[in-house]
Amino acid sequence: MRWYKKISLIATIGLFLFGLSACSSQEESTDGKVTIEYFNQKGEMVDTLREIAKDFEKENPNVHVKVVNVPNAGEVLKTRVLAGDVPDVVNIYPQSIELQEWAKAGYFADMTGKSYLDNIKNDYAEKYAINNKIYSVPLTANLYGIYYNKTKFKELGLEEPKTFKEFQEIVKKIKDSGNSPFAVAGNEGWTLNGYHQLSLITITGSGDAANNYLRFSKPNAISADDAILKADAERLDLLADNAQDGWRGASYNDAVEAFSNEKALMMPQGSWALAAINQQDPKFNVGMFAFPGEEVGKEVTVGAGDMALSTSATTKHPKETEEFISYMTSPKAMQAYYDVDGSPVAVKGVQEKEDSALAEISKLAFTDKHYVWLGQHWNSEEDFFNLSAGYLMDKNLKNMANNLNAFFNPMKADLD
């Protein structure tokens, strides 16, 4: 989740040399086949991706797909792109500032109007359009919501909350039963990012409205006296006042362990955490519900394209590259991917598991209730993570307002 890490000049040079020597997209096959490079950033899925590439090669025997998986993939990619060495096919997160800047600079091919986009649900690729052009095909997405212990909920006579008021009532009932309501990683602010964004989205009514308040308002416009910020504090207080013992110093792994071992009955977190939860072998049924709004039917989630592909604007093999993208948007390819990864799939025709812990919240995926991370319009996120955790620590609303202004003011330099 930390997408804006810095590296030293020495490390940059080393990664640059490694990138050019180990994974240059200019490498040609010696057996008469056309070789295209697939640059991967989903390290945990590399084995599956290589199997999918082999299946593509069986149907396209004149093409070899070289799946490149390197350490520090994001930094290697930055170095290569800035050197003009753009891989033929790139797995890059579609909401990232890097994709936006590189697409505008002409490094990536315009995919607008390509037939394979018809395979994507609900015009999901258009959510990431840049200047009304499409440069990325999102194949899967992540979601943020509230994991919960379905077994314990049933024992306590609790159901998924449909409104924020019901959410508050459930938290009280759990606490009254002698259980901790939430597993919170107070020591890792990024884990609170989704909860805080969803709080603001449900209060203001949409992602755009939330950013109008945060990002596109006048400098120093955010105040502790704002009704929006007071309502936000109420939602953050719900976590701070009802977390497991030791939450202030807890890491992400600590929170996962607390939830998985029933030290807390809920955990605000993203779909990516399911694998970590399952590794703990919980002795209960796991579920996940969306962040409830003020009214029934206003529940929402936030996330972004996870497995998403862009192509080089200067590839020597545009035909073969497009054939591979077309294959990756097929139900056959993405069924194989989903069966291992489990994230919601944007490709039509993939059969998702009805008994998955993510089954209910996945119904919101690729709909108008699935907002893109607000950070799509920011130039960084780290300080937002930190100020979210900071508020849970001190519950000082004036401090949070000041920290929000300090974070967003520099981004507002381009506002009238």
# chains A, B, ... in the order shown; residues from 1 in each chain; ligands from 1
>>> select_by_dssp(residues="segment 100-316 of chain A", states="strand (DSSP E)", output="PyMOL selection string")
chain A and resi 137-138+144-149+266-270+286-289+301-303+308-311
>>> residues_around(residues="Asn402 of chain A", least_positions_apart="5", cutoff="8 Å", atoms="only C-alpha atoms", output="ChimeraX atom specification")
/A:220,222-223
>>> residues_around(residues="Asn122 of chain A", least_positions_apart="4", cutoff="10 Å", atoms="only C-alpha atoms", output="PyMOL selection string")
chain A and resi 118+126-127+346-348+365-368
>>> select_by_dssp(residues="segment 4-162 of chain A", states="alpha helix (DSSP H)", output="MDAnalysis selection string")
chainID A and resid 9:23 46:59 73:82 97:104 150:155
>>> write_last_selection(atoms="N, CA and C atoms", output="compact mmCIF listing (two decimals), in the first residue's frame")
# COMPACT_ATOMS: atom_id res chain seq x y z
N LEU A 9 20.07 7.44 -4.63
CA LEU A 9 20.63 7.52 -5.96
C LEU A 9 21.38 6.24 -6.31
N ILE A 10 22.10 5.71 -5.33
CA ILE A 10 22.87 4.48 -5.59
C ILE A 10 21.93 3.33 -5.92
N ALA A 11 20.85 3.24 -5.14
CA ALA A 11 19.89 2.16 -5.41
C ALA A 11 19.25 2.32 -6.76
N THR A 12 18.96 3.58 -7.14
CA THR A 12 18.35 3.84 -8.44
C THR A 12 19.26 3.38 -9.57
N ILE A 13 20.53 3.71 -9.46
CA ILE A 13 21.49 3.30 -10.49
C ILE A 13 21.57 1.79 -10.58
N GLY A 14 21.60 1.14 -9.38
CA GLY A 14 21.68 -0.31 -9.38
C GLY A 14 20.46 -0.95 -10.01
N LEU A 15 19.28 -0.43 -9.68
CA LEU A 15 18.06 -0.97 -10.25
C LEU A 15 18.01 -0.73 -11.75
N PHE A 16 18.52 0.44 -12.18
CA PHE A 16 18.53 0.76 -13.60
C PHE A 16 19.37 -0.25 -14.38
N LEU A 17 20.57 -0.53 -13.85
CA LEU A 17 21.46 -1.48 -14.52
C LEU A 17 20.85 -2.87 -14.53
N PHE A 18 20.23 -3.23 -13.38
CA PHE A 18 19.60 -4.55 -13.31
C PHE A 18 18.45 -4.65 -14.29
N GLY A 19 17.67 -3.57 -14.35
CA GLY A 19 16.51 -3.57 -15.24
C GLY A 19 16.91 -3.73 -16.69
N LEU A 20 17.97 -3.00 -17.09
CA LEU A 20 18.39 -3.08 -18.48
C LEU A 20 18.99 -4.43 -18.82
N SER A 21 19.72 -5.03 -17.87
CA SER A 21 20.39 -6.29 -18.15
C SER A 21 19.46 -7.48 -18.05
N ALA A 22 18.50 -7.41 -17.08
CA ALA A 22 17.70 -8.59 -16.79
C ALA A 22 16.37 -8.63 -17.50
N CYS A 23 15.84 -7.46 -17.87
CA CYS A 23 14.46 -7.51 -18.36
C CYS A 23 14.18 -6.48 -19.44
N VAL A 46 2.88 -14.67 -9.62
CA VAL A 46 3.75 -14.88 -10.78
C VAL A 46 3.64 -16.30 -11.34
N ASP A 47 3.54 -17.30 -10.48
CA ASP A 47 3.44 -18.68 -10.97
C ASP A 47 2.18 -18.88 -11.80
N THR A 48 1.07 -18.35 -11.31
CA THR A 48 -0.19 -18.45 -12.05
C THR A 48 -0.10 -17.71 -13.38
N LEU A 49 0.50 -16.53 -13.36
CA LEU A 49 0.64 -15.74 -14.59
C LEU A 49 1.50 -16.45 -15.61
N ARG A 50 2.50 -17.13 -15.17
CA ARG A 50 3.35 -17.90 -16.10
C ARG A 50 2.58 -19.06 -16.72
N GLU A 51 1.71 -19.68 -15.93
CA GLU A 51 0.88 -20.75 -16.48
C GLU A 51 -0.11 -20.19 -17.51
N ILE A 52 -0.68 -19.02 -17.21
CA ILE A 52 -1.60 -18.39 -18.17
C ILE A 52 -0.85 -18.02 -19.44
N ALA A 53 0.38 -17.54 -19.31
CA ALA A 53 1.20 -17.19 -20.48
C ALA A 53 1.47 -18.43 -21.33
N LYS A 54 1.72 -19.56 -20.68
CA LYS A 54 1.95 -20.81 -21.42
C LYS A 54 0.70 -21.23 -22.19
N ASP A 55 -0.46 -21.04 -21.57
CA ASP A 55 -1.71 -21.37 -22.26
C ASP A 55 -1.91 -20.48 -23.48
N PHE A 56 -1.56 -19.20 -23.34
CA PHE A 56 -1.63 -18.28 -24.48
C PHE A 56 -0.69 -18.73 -25.59
N GLU A 57 0.50 -19.16 -25.23
CA GLU A 57 1.49 -19.60 -26.22
C GLU A 57 1.02 -20.84 -26.97
N LYS A 58 0.26 -21.72 -26.30
CA LYS A 58 -0.27 -22.90 -26.98
C LYS A 58 -1.23 -22.51 -28.09
N GLU A 59 -1.98 -21.43 -27.86
CA GLU A 59 -2.92 -20.95 -28.87
C GLU A 59 -2.27 -20.01 -29.87
N ALA A 73 9.88 -4.12 -7.89
CA ALA A 73 9.36 -3.98 -9.26
C ALA A 73 8.92 -2.55 -9.58
N GLY A 74 8.28 -1.89 -8.63
CA GLY A 74 7.82 -0.53 -8.89
C GLY A 74 8.94 0.43 -9.19
N GLU A 75 10.05 0.31 -8.46
CA GLU A 75 11.18 1.20 -8.68
C GLU A 75 11.92 0.85 -9.97
N VAL A 76 12.02 -0.45 -10.26
CA VAL A 76 12.64 -0.87 -11.52
C VAL A 76 11.84 -0.31 -12.69
N LEU A 77 10.52 -0.39 -12.59
CA LEU A 77 9.67 0.11 -13.67
C LEU A 77 9.87 1.62 -13.87
N LYS A 78 9.92 2.37 -12.77
CA LYS A 78 10.14 3.81 -12.88
C LYS A 78 11.44 4.10 -13.63
N THR A 79 12.48 3.39 -13.26
CA THR A 79 13.78 3.61 -13.89
C THR A 79 13.75 3.29 -15.37
N ARG A 80 13.12 2.19 -15.70
CA ARG A 80 13.08 1.77 -17.10
C ARG A 80 12.24 2.73 -17.95
N VAL A 81 11.09 3.12 -17.42
CA VAL A 81 10.23 4.03 -18.19
C VAL A 81 10.95 5.35 -18.45
N LEU A 82 11.59 5.89 -17.42
CA LEU A 82 12.27 7.17 -17.59
C LEU A 82 13.47 7.05 -18.51
N ILE A 97 -0.41 7.68 -9.71
CA ILE A 97 0.08 8.92 -10.31
C ILE A 97 1.07 8.61 -11.42
N GLU A 98 1.80 7.48 -11.28
CA GLU A 98 2.77 7.10 -12.31
C GLU A 98 2.08 6.84 -13.64
N LEU A 99 1.01 6.05 -13.61
CA LEU A 99 0.30 5.77 -14.86
C LEU A 99 -0.21 7.07 -15.48
N GLN A 100 -0.78 7.93 -14.66
CA GLN A 100 -1.34 9.18 -15.18
C GLN A 100 -0.26 10.03 -15.84
N GLU A 101 0.86 10.16 -15.18
CA GLU A 101 1.93 10.99 -15.73
C GLU A 101 2.55 10.35 -16.97
N TRP A 102 2.80 9.06 -16.92
CA TRP A 102 3.45 8.38 -18.05
C TRP A 102 2.53 8.31 -19.26
N ALA A 103 1.24 8.14 -19.04
CA ALA A 103 0.30 8.13 -20.16
C ALA A 103 0.28 9.50 -20.84
N LYS A 104 0.23 10.55 -20.04
CA LYS A 104 0.23 11.91 -20.60
C LYS A 104 1.52 12.20 -21.35
N LYS A 150 -18.64 -14.26 11.28
CA LYS A 150 -20.03 -14.62 11.00
C LYS A 150 -20.59 -15.59 12.05
N THR A 151 -19.75 -16.49 12.52
CA THR A 151 -20.19 -17.47 13.51
C THR A 151 -20.60 -16.79 14.81
N LYS A 152 -19.75 -15.88 15.27
CA LYS A 152 -20.03 -15.18 16.53
C LYS A 152 -21.20 -14.21 16.37
N PHE A 153 -21.31 -13.58 15.22
CA PHE A 153 -22.45 -12.70 14.96
C PHE A 153 -23.76 -13.49 15.11
N LYS A 154 -23.79 -14.69 14.57
CA LYS A 154 -25.00 -15.51 14.65
C LYS A 154 -25.31 -15.88 16.09
N GLU A 155 -24.27 -16.21 16.86
CA GLU A 155 -24.46 -16.55 18.27
C GLU A 155 -25.05 -15.38 19.06
>>> residues_around(residues="segment 276-289 of chain A", least_positions_apart="5", cutoff="10 Å", atoms="only C-alpha atoms", output="VMD selection string")
chain A and resid 144 to 153 160 to 162 253 255 to 262 265 to 271 299 to 301 355 to 362
>>> closest_residue(among="A:Ile36, A:Lys412, A:Met328, A:Asp341", to="Leu117 of chain A", atoms="only C-alpha atoms")
A:Met328
>>> atom_distance(atom1="atom CA of Lys114 of chain A", atom2="atom CA of Asn131 of chain A")
16.8 Å
>>> residues_around(residues="Tyr213 of chain A", least_positions_apart="4", cutoff="9 Å", atoms="only C-alpha atoms", output="compact mmCIF listing (two decimals) with N, CA and C atoms, in the first residue's frame")
# COMPACT_ATOMS: atom_id res chain seq x y z
N THR A 204 -20.19 12.76 2.81
CA THR A 204 -20.37 13.78 1.77
C THR A 204 -21.29 13.31 0.64
N ASP A 208 -16.33 12.11 -5.36
CA ASP A 208 -16.08 13.46 -5.87
C ASP A 208 -16.36 14.51 -4.80
N ALA A 209 -17.46 14.32 -4.08
CA ALA A 209 -17.82 15.29 -3.03
C ALA A 209 -16.78 15.28 -1.91
N SER A 217 -10.99 22.14 -2.28
CA SER A 217 -11.46 23.32 -1.57
C SER A 217 -10.32 24.35 -1.51
N LYS A 218 -10.60 25.53 -0.99
CA LYS A 218 -9.57 26.56 -0.90
C LYS A 218 -8.55 26.18 0.17
N ALA A 221 -9.19 25.58 4.15
CA ALA A 221 -10.65 25.61 4.25
C ALA A 221 -11.20 24.57 5.22
N ILE A 222 -10.41 23.57 5.57
CA ILE A 222 -10.89 22.50 6.43
C ILE A 222 -10.81 22.95 7.89
N ILE A 228 -18.98 18.19 8.40
CA ILE A 228 -18.39 17.00 7.77
C ILE A 228 -17.30 16.41 8.65
>>> residues_around(residues="Glu352 of chain A", least_positions_apart="5", cutoff="8 Å", atoms="only C-alpha atoms", output="list of chain:residue names")
A:Tyr338, A:Gly342, A:Pro344
>>> atom_distance(atom1="atom CA of Phe39 of chain A", atom2="atom CA of Lys319 of chain A")
17.7 Å
>>> residues_around(residues="Asp254 of chain A", least_positions_apart="5", cutoff="10 Å", atoms="only C-alpha atoms", output="PyMOL selection string")
chain A and resi 183-187+246-247+249+259-260
>>> atom_distance(atom1="atom CA of Thr35 of chain A", atom2="atom CA of Ser310 of chain A")
17.0 Å
>>> closest_residue(among="A:Val63, A:Ala83, A:Ala389, A:Ala406", to="Thr191 of chain A", atoms="only C-alpha atoms")
A:Ala389
